[in-house]
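Trainee: Following this message is one structure expressed as structure tokens.
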Amino acid sequence: ELGIRIPRPLGHGPSRFIPEKETIQVGKEDATMHTLFAESFATLGRLDNVTLVMVFHPQYLESFLKTQHYLLQMDGPLPLHYRHYIGIMAAARHQCSYLVNLHVNDFLHVGGDPKWLNGLENAPQKLQNLGELNKMLAHRPWLITKEHIEQLLKTEENSWSLAELIHAVVLLTHYHSLASFTFGCGISPEIDCEGGHTFRPPSVSNYCICDITNGYHGVDEIHASQAASIPVSSTESVCEVEALMEKMKQLQECRDEEEASQEEMATRFEREKRESMFVCSSEDEESAATRDVSRHFEDTSYGYKDFSRHGMHVPTFRVQDYSWEDHGYSLVNRLYPDVGQLLDEKFHIAYNLTYNTMAMHKDVDTSMLRRAIWNYIHCMFGIRYDDYDYGEINQLLDRSFKVYIKTVVCTPEKTTKRMYDSFWRQFEHSEKVHVNLLLVEARMQAELLYALRAITRYMT
């Protein structure tokens with residue numbers, strides 16, 4: 001009546017993929033979660049939707065918040081406004097306007113120059129120089145060489161120090177992976193962010209045309225489309241869980257009986273690596289970057305390409321020659337104290353996290369399944385573990401799951417609700433969020449390994 005425009009939320013709950021009633025409701029959380037919510041609020045000045053979905057796994061969330069707080073706000077080689085700007089550059093590479101918007105606000109809050117937000121060409125040359133490393137890390141990290149590192153460290157007045165570069169690399173990989181989590185879990189924008197609200201009054205049929213164009217539908221229609229998108233009987237999906245558990249049991253028995261030769265293991269890795277190239281998202285339409293997001297990076301046509309396509313041969317990255325535990329960790333910790341420790345803890349929590357459940361089953365050892373997911377992601381990046389039998393991956397990960405994994409890790413902006421719904425149909429949403437944590441950390445570690453190996457080669 002007063003002519004004041006009142007924003008209405010466009011979505012319901014923190015995720016478009018998880019029904020609101022199945023997420024943790026604020027006010028109904030336990031003491032541990034309450035402490036985490038308070039920490040998140042104190043650090044970010046808001047309780048964001050990423051936190052509200054990650055809190056399915058409080059132990060991981062605690063480690064994640066601690067690491068992110070350290071990277072963005074504690075003493076470090078880079079000034080605060082640079083850190084948020086690098087977050088914007090990294091999230092923009094995957095057209096993740098959710099993260100870009102959050103960091104635009106933070107960037108301005110810590111005194112960043114608004115002119116930089118008009119486009120990367122308005123930022124200092126030193127940050128512009130980071131553009132090449134940003135795009136390669138996000139889309140084709142196996143192409144990074146010591147020459148790329150040398151260019152950043154040796155460019156006269158705009159050169160980076162080693163410590164600054166390590167800080168920047170960790171921030172870039174953190175936000176590339178966080179974009180994967182954001183799209184993989186269908187995180188909705190907060191009501192005060194772009195895409196999170198509308199000013200149109202509700203129409204008779206409960207939603208307005210702007211909702212439809214944004215991909216948001218009336219609640220009734222959402223439930224109808226959910227039902228339609230999963231034409232599978234519950235007995236069928238219960239069988240899926242049983243079949244998966246049976247395969248795990250058989251593989252364990254085979255493991256105990258015989259071990260494949262080194263040559264056979266290498267062949268299986270190459271086969272899996274080749275096969276991973278033919279897994280592509282069924283909904284493979286090109287998603288054009290909006291001007292709003294694409295101005296924060298150069299070369300908008302550069303995206304993910306499988307490393308063995310177009311006659312290119314990328315040598316296998318053998319973990320025995322350069323691993324996070326033996327090489328990456330100490331390099332990061334030496335140049336940016338404590339960060340190696342924080343990352344190491346976060347990797348370990350994601351990799352070892354288990355409640356010994358699978359869907360409705362209790363007391364299940366899921367380590368074989370977790371390792372298959374982690375190693376499949378590293379295999380897609382050309383990273384090989386000599387002691388792992390890659391034949392297990394095909395046994396444990398079905399095609400729809402592989403499509404989801406590859407999309408979330410390599411082209412997260414193309415993830416759809418249909419993909420999320422189509423894998424592990426009988427599992428809890430918390431278990432699917434757990435899968436996303438594995439994807440995030442395995443991806444981050446893979447990017448870091450390539451960047452840190454190039455830095456080590458430059459130093460030696």
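Numbering starts fresh at 1 for the residues of each chain in the structure tokens, the chains themselves are lettered A, B, ... in the order given, and ligands are numbered from 1 as they appear.
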Just want the 12 Å neighbourhood of Tyr98 in chain A, counted on only C-alpha atoms, with same-chain residues fewer than 6 positions away dropped. Output as a PyMOL selection string.

Mentor: chain A and resi 48-50+87-88+91-92+104-105+175+178-183+186-196+292-293+413

Trainee: Just list as a ChimeraX atom specification whatever in range 44-207 of chain A DSSP marks as helix (DSSP H, G or I).

Mentor: /A:44,49-54,58-73,80-93,97-109,114-118,120-122,125-128,131-139,141-143,146-154,156-158,162-184

Trainee: I need the residue nearest Arg268 in chain A from this list: A:Glu29, A:Glu156, A:Glu441, A:Asp389. Use only C-alpha atoms for the distance.

Mentor: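 Among the listed residues, the smallest separation from Arg268 in chain A belongs to A:Asp389.
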
Trainee: Could you give me, as a list in words, the residues within 9 Å of Leu143 in chain A, counting only C-alpha atoms and dropping anything in the same chain fewer than 5 positions from it?

Mentor: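 So the residues in contact are Met136, Leu137, Phe307, Val314 and Tyr450 of chain A.
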
Trainee: Please, could you write that set of residues out with N, CA, C and O atoms as a short mmCIF file (atom, residue, chain, number, x, y, z; two decimals), in the first residue's frame?

Mentor:
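Full text of result-v5.cif as output:
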data_model
loop_
_atom_site.label_atom_id
_atom_site.label_comp_id
_atom_site.auth_asym_id
_atom_site.auth_seq_id
_atom_site.Cartn_x
_atom_site.Cartn_y
_atom_site.Cartn_z
N MET A 136 43.59 -22.54 -16.50
CA MET A 136 44.15 -23.89 -16.64
C MET A 136 43.84 -24.75 -15.42
O MET A 136 43.48 -25.92 -15.55
N LEU A 137 43.97 -24.18 -14.24
CA LEU A 137 43.64 -24.93 -13.02
C LEU A 137 42.18 -25.38 -13.04
O LEU A 137 41.86 -26.50 -12.68
N PHE A 307 41.92 -34.84 -21.51
CA PHE A 307 43.34 -34.64 -21.79
C PHE A 307 43.89 -35.51 -22.92
O PHE A 307 44.97 -35.26 -23.41
N VAL A 314 48.99 -36.71 -22.70
CA VAL A 314 49.49 -36.14 -21.44
C VAL A 314 50.06 -37.29 -20.62
O VAL A 314 49.38 -38.29 -20.38
N TYR A 450 48.96 -30.69 -9.49
CA TYR A 450 49.57 -30.20 -10.73
C TYR A 450 50.26 -28.85 -10.53
O TYR A 450 51.37 -28.63 -11.04
#
